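Beneath this line is the structure, given in structure tokens, with notes to follow.
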Amino acid sequence: MENFPSTLIIAKNKDSIIKKIDQICLSLNHQLNQNNPDIFLVDQNSGWKVEKIREINNFLSQKPFCHQSKIIIIFEAENLNTESQNTLLKNLEEPGENNYFILSTNKLKTIWPTIISRCQTIKIVEAKHDLSKTKKNIEITGNLIKDLALSEKLGKDKEGILPLLENELYLYQQLLLKNPDQKNRIIVEKIIKAIQMINANVDPKNALDYIFIN
């Protein structure tokens, strides 16, 4: 992975941003945490005032404590005001050797074009979850499970029923993330229990009866 002196991550999901920053830090042999003396953090806790941005100069003027490089991470860079962005720009123009800037934002229009032009930009697009497709797949898999439950081969088909149950579990978990209601939660718990029963060599028919009867 090639590391650029300055990187701007554009994403709406905070977890995705942290994951990408963590990847960049690891590629530089850093651990992303507040106890890392060679990482300078600007976030909600520190605030985005110009006084905080000016501290970057002092941070960069010192040699790394226990790494080969130093990293400045600025979360939600859209909160930087005009004076703060102007101060940051001077750092980006001359970052110094083995110094790396990582910025994140979900509002690119508020970031100065001159700052953007000095950064490698990484845009993270979250995949849209098609709820109707998930429900349709649940219906299809559910019908296969019901057909197998009525089949005389069920008692001998442990290996055949498990993949279907595991797929149904995954689909219901996805549905639960988007629609966290009590009904979906109970169904997820039932499927997990049925899988555990089959793995414990309980008759597959009894495991499916637990789902459909209870």
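In the structure tokens, chains take the letters A, B, ... in the order shown, each chain's residues start at 1, and ligands count up from 1 in the order shown.
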- Determine which residues of segment 72-211 of chain A DSSP labels as strand (DSSP E or B) from the backbone of this structure, then write them out as a list in words. Ile72, Ile73, Ile74, Asn99, Tyr100, Phe101, Ile102, Leu103, Ser104, Thr105, Gln120, Thr121, Ile122 and Lys123 of chain A
Dump C-alpha atoms for the selected residues as a PDB file, in the first residue's frame?
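Okay, out-v6.pdb is ready:
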ATOM      1  CA  ILE A  72      -1.796  13.750  12.268  1.00  0.00           C
ATOM      2  CA  ILE A  73      -5.435  12.646  12.172  1.00  0.00           C
ATOM      3  CA  ILE A  74      -8.201  15.203  11.838  1.00  0.00           C
ATOM      4  CA  ASN A  99       4.977  13.021   8.465  1.00  0.00           C
ATOM      5  CA  TYR A 100       1.498  11.955   7.372  1.00  0.00           C
ATOM      6  CA  PHE A 101      -1.820  13.788   7.492  1.00  0.00           C
ATOM      7  CA  ILE A 102      -5.140  11.939   7.469  1.00  0.00           C
ATOM      8  CA  LEU A 103      -8.338  13.998   7.274  1.00  0.00           C
ATOM      9  CA  SER A 104     -11.933  12.804   7.189  1.00  0.00           C
ATOM     10  CA  THR A 105     -15.144  14.552   6.202  1.00  0.00           C
ATOM     11  CA  GLN A 120      -4.991  11.841  -1.919  1.00  0.00           C
ATOM     12  CA  THR A 121      -8.794  11.490  -1.737  1.00  0.00           C
ATOM     13  CA  ILE A 122     -10.476   8.236  -0.764  1.00  0.00           C
ATOM     14  CA  LYS A 123     -14.248   8.143  -1.143  1.00  0.00           C
TER      15      LYS A 123
END
How close does segment 73-136 of chain A get to segment 38-61 of chain A? List, as CSV, each residue of segment 73-136 of chain A within 10 Å, its nearest atom pair and the distance in Å to one decimal, counting only C-alpha atoms.
residue,atom,partner,partner_atom,distance
A:Ile73,CA,A:Leu41,CA,5.0
A:Ile74,CA,A:Val42,CA,4.6
A:Phe75,CA,A:Asp43,CA,5.1
A:Glu76,CA,A:Asp43,CA,7.0
A:Ala77,CA,A:Trp48,CA,8.0
A:Glu78,CA,A:Trp48,CA,9.3
A:Asn79,CA,A:Trp48,CA,6.3
A:Leu80,CA,A:Trp48,CA,5.5
A:Asn81,CA,A:Lys49,CA,7.4
A:Thr82,CA,A:Val50,CA,8.9
A:Glu83,CA,A:Val50,CA,6.2
A:Ser84,CA,A:Val50,CA,4.4
A:Gln85,CA,A:Val50,CA,8.1
A:Asn86,CA,A:Val50,CA,9.0
A:Thr87,CA,A:Ile53,CA,6.8
A:Leu88,CA,A:Ile53,CA,6.5
A:Lys90,CA,A:Asn57,CA,9.9
A:Asn91,CA,A:Asn57,CA,7.6
A:Pro95,CA,A:Leu60,CA,8.5
A:Gly96,CA,A:Leu60,CA,8.1
A:Glu97,CA,A:Leu60,CA,9.8
A:Asn98,CA,A:Leu60,CA,9.9
A:Asn99,CA,A:Leu60,CA,7.5
A:Tyr100,CA,A:Ile39,CA,9.5
A:Phe101,CA,A:Phe40,CA,9.5
A:Ile102,CA,A:Leu41,CA,9.8
A:Leu103,CA,A:Val42,CA,9.3
For the residues selected in the previous step, produce a file with C-alpha atoms as a PDB file, in the first residue's frame.
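Listing of part-v9.pdb after writing:
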ATOM      1  CA  ILE A  73      -5.435  12.646  12.172  1.00  0.00           C
ATOM      2  CA  ILE A  74      -8.201  15.203  11.838  1.00  0.00           C
ATOM      3  CA  PHE A  75     -11.713  13.789  12.145  1.00  0.00           C
ATOM      4  CA  GLU A  76     -14.666  15.755  10.711  1.00  0.00           C
ATOM      5  CA  ALA A  77     -12.444  18.310   9.012  1.00  0.00           C
ATOM      6  CA  GLU A  78     -15.568  20.161   7.884  1.00  0.00           C
ATOM      7  CA  ASN A  79     -15.591  21.700  11.375  1.00  0.00           C
ATOM      8  CA  LEU A  80     -12.373  23.611  10.737  1.00  0.00           C
ATOM      9  CA  ASN A  81     -13.069  27.331  10.380  1.00  0.00           C
ATOM     10  CA  THR A  82     -11.324  29.649   7.915  1.00  0.00           C
ATOM     11  CA  GLU A  83      -8.407  30.417  10.228  1.00  0.00           C
ATOM     12  CA  SER A  84      -7.924  26.749  11.108  1.00  0.00           C
ATOM     13  CA  GLN A  85      -7.964  25.666   7.462  1.00  0.00           C
ATOM     14  CA  ASN A  86      -5.462  28.369   6.568  1.00  0.00           C
ATOM     15  CA  THR A  87      -3.109  27.170   9.321  1.00  0.00           C
ATOM     16  CA  LEU A  88      -3.548  23.538   8.264  1.00  0.00           C
ATOM     17  CA  LYS A  90       0.624  25.657   5.545  1.00  0.00           C
ATOM     18  CA  ASN A  91       1.380  22.282   7.149  1.00  0.00           C
ATOM     19  CA  PRO A  95       4.561  18.285   5.776  1.00  0.00           C
ATOM     20  CA  GLY A  96       8.175  17.324   6.325  1.00  0.00           C
ATOM     21  CA  GLU A  97       9.789  13.928   5.919  1.00  0.00           C
ATOM     22  CA  ASN A  98       7.923  10.914   7.348  1.00  0.00           C
ATOM     23  CA  ASN A  99       4.977  13.021   8.465  1.00  0.00           C
ATOM     24  CA  TYR A 100       1.498  11.955   7.372  1.00  0.00           C
ATOM     25  CA  PHE A 101      -1.820  13.788   7.492  1.00  0.00           C
ATOM     26  CA  ILE A 102      -5.140  11.939   7.469  1.00  0.00           C
ATOM     27  CA  LEU A 103      -8.338  13.998   7.274  1.00  0.00           C
TER      28      LEU A 103
END
In segment 37-68 of chain A, DSSP helix (DSSP H, G or I) residues written as a CSV table (one decimal) with N, CA, C and O atoms, in the first residue's frame:
chain,number,residue,atom,x,y,z
A,50,VAL,N,-8.3,27.0,16.0
A,50,VAL,CA,-7.0,27.3,15.4
A,50,VAL,C,-5.9,27.0,16.4
A,50,VAL,O,-4.8,26.6,16.0
A,51,GLU,N,-6.1,27.2,17.7
A,51,GLU,CA,-5.1,26.9,18.7
A,51,GLU,C,-4.7,25.5,18.6
A,51,GLU,O,-3.5,25.1,18.8
A,52,LYS,N,-5.6,24.6,18.4
A,52,LYS,CA,-5.3,23.2,18.4
A,52,LYS,C,-4.5,22.8,17.1
A,52,LYS,O,-3.6,22.0,17.1
A,53,ILE,N,-4.9,23.4,16.0
A,53,ILE,CA,-4.2,23.2,14.7
A,53,ILE,C,-2.8,23.7,14.8
A,53,ILE,O,-1.8,23.1,14.2
A,54,ARG,N,-2.6,24.8,15.5
A,54,ARG,CA,-1.2,25.4,15.7
A,54,ARG,C,-0.3,24.5,16.5
A,54,ARG,O,0.9,24.5,16.3
A,55,GLU,N,-0.9,23.6,17.3
A,55,GLU,CA,-0.1,22.7,18.1
A,55,GLU,C,0.6,21.7,17.2
A,55,GLU,O,1.5,21.0,17.6
A,56,ILE,N,0.1,21.5,16.0
A,56,ILE,CA,0.7,20.5,15.1
A,56,ILE,C,2.1,20.9,14.8
A,56,ILE,O,3.0,20.0,14.7
A,57,ASN,N,2.4,22.2,14.7
A,57,ASN,CA,3.8,22.6,14.4
A,57,ASN,C,4.7,22.1,15.5
A,57,ASN,O,5.8,21.6,15.2
A,58,ASN,N,4.3,22.3,16.7
A,58,ASN,CA,5.2,21.8,17.8
A,58,ASN,C,5.3,20.3,17.8
A,58,ASN,O,6.4,19.7,18.1
A,59,PHE,N,4.2,19.6,17.5
A,59,PHE,CA,4.3,18.1,17.4
A,59,PHE,C,5.2,17.7,16.4
A,59,PHE,O,6.0,16.7,16.6
A,60,LEU,N,5.2,18.3,15.2
A,60,LEU,CA,6.1,17.9,14.1
A,60,LEU,C,7.5,18.3,14.3
A,60,LEU,O,8.4,17.7,13.7
A,61,SER,N,7.8,19.3,15.1
A,61,SER,CA,9.1,19.8,15.3
A,61,SER,C,10.0,18.8,16.2
A,61,SER,O,11.2,18.9,16.2
List as a tab-separated table (two decimals) with N, CA, C and O atoms, in the first residue's frame the protein and nucleic acid residues near Tyr170 of chain A, meaning an atom at most 12 Å away when only C-alpha atoms are counted, but skip any in the same chain fewer than 3 places from it.
chain	number	residue	atom	x	y	z
A	134	THR	N	-33.93	-8.83	0.39
A	134	THR	CA	-33.66	-9.67	1.55
A	134	THR	C	-34.91	-10.44	1.96
A	134	THR	O	-34.86	-11.64	2.24
A	135	LYS	N	-36.05	-9.77	2.00
A	135	LYS	CA	-37.30	-10.42	2.38
A	135	LYS	C	-37.68	-11.51	1.38
A	135	LYS	O	-38.18	-12.57	1.76
A	137	ASN	N	-35.55	-13.26	-0.48
A	137	ASN	CA	-34.64	-14.39	-0.27
A	137	ASN	C	-35.01	-15.18	0.98
A	137	ASN	O	-34.86	-16.40	1.02
A	138	ILE	N	-35.48	-14.48	2.01
A	138	ILE	CA	-35.95	-15.15	3.23
A	138	ILE	C	-37.12	-16.06	2.90
A	138	ILE	O	-37.21	-17.21	3.37
A	141	THR	N	-35.83	-19.19	0.82
A	141	THR	CA	-35.11	-20.14	1.67
A	141	THR	C	-36.07	-20.77	2.68
A	141	THR	O	-35.98	-21.98	2.97
A	163	PRO	N	-26.93	-25.84	5.83
A	163	PRO	CA	-26.64	-24.67	5.00
A	163	PRO	C	-27.85	-23.78	4.78
A	163	PRO	O	-27.74	-22.54	4.74
A	164	LEU	N	-29.04	-24.41	4.68
A	164	LEU	CA	-30.26	-23.62	4.50
A	164	LEU	C	-30.56	-22.80	5.75
A	164	LEU	O	-30.92	-21.62	5.65
A	165	LEU	N	-30.41	-23.42	6.91
A	165	LEU	CA	-30.66	-22.69	8.16
A	165	LEU	C	-29.65	-21.57	8.36
A	165	LEU	O	-30.00	-20.47	8.80
A	166	GLU	N	-28.39	-21.84	8.04
A	166	GLU	CA	-27.35	-20.81	8.19
A	166	GLU	C	-27.59	-19.65	7.25
A	166	GLU	O	-27.37	-18.48	7.61
A	167	ASN	N	-28.06	-19.94	6.03
A	167	ASN	CA	-28.37	-18.87	5.08
A	167	ASN	C	-29.57	-18.06	5.56
A	167	ASN	O	-29.58	-16.82	5.48
A	173	GLN	N	-30.60	-11.87	10.08
A	173	GLN	CA	-29.71	-10.94	10.79
A	173	GLN	C	-29.59	-9.63	10.02
A	173	GLN	O	-29.56	-8.54	10.62
A	174	GLN	N	-29.52	-9.73	8.68
A	174	GLN	CA	-29.49	-8.51	7.86
A	174	GLN	C	-30.79	-7.73	8.00
A	174	GLN	O	-30.78	-6.50	8.08
A	175	LEU	N	-31.90	-8.46	8.01
A	175	LEU	CA	-33.20	-7.81	8.17
A	175	LEU	C	-33.31	-7.16	9.55
A	175	LEU	O	-33.85	-6.06	9.69
A	176	LEU	N	-32.76	-7.82	10.56
A	176	LEU	CA	-32.81	-7.31	11.93
A	176	LEU	C	-32.04	-6.00	12.06
A	176	LEU	O	-32.44	-5.10	12.81
A	177	LEU	N	-30.95	-5.88	11.32
A	177	LEU	CA	-30.16	-4.64	11.36
A	177	LEU	C	-30.97	-3.46	10.84
A	177	LEU	O	-30.85	-2.34	11.33
A	184	ASN	N	-38.49	-10.21	14.62
A	184	ASN	CA	-37.27	-10.66	13.93
A	184	ASN	C	-36.22	-11.16	14.91
A	184	ASN	O	-35.50	-12.12	14.62
A	187	ILE	N	-37.12	-14.71	15.91
A	187	ILE	CA	-36.86	-15.67	14.83
A	187	ILE	C	-35.37	-15.98	14.75
A	187	ILE	O	-34.97	-17.14	14.59
A	188	VAL	N	-34.53	-14.95	14.88
A	188	VAL	CA	-33.08	-15.17	14.85
A	188	VAL	C	-32.67	-16.10	15.98
A	188	VAL	O	-31.87	-17.03	15.78
A	189	GLU	N	-33.21	-15.88	17.17
A	189	GLU	CA	-32.87	-16.72	18.32
A	189	GLU	C	-33.31	-18.17	18.09
A	189	GLU	O	-32.59	-19.11	18.45
A	191	ILE	N	-33.67	-19.74	15.14
A	191	ILE	CA	-32.82	-20.37	14.12
A	191	ILE	C	-31.47	-20.76	14.72
A	191	ILE	O	-30.94	-21.84	14.45
A	192	ILE	N	-30.90	-19.86	15.54
A	192	ILE	CA	-29.62	-20.17	16.19
A	192	ILE	C	-29.76	-21.42	17.06
A	192	ILE	O	-28.91	-22.30	17.04
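You will find atom CA of Arg185 of chain A at 12.2 Å from atom CA of Leu171 of chain A.
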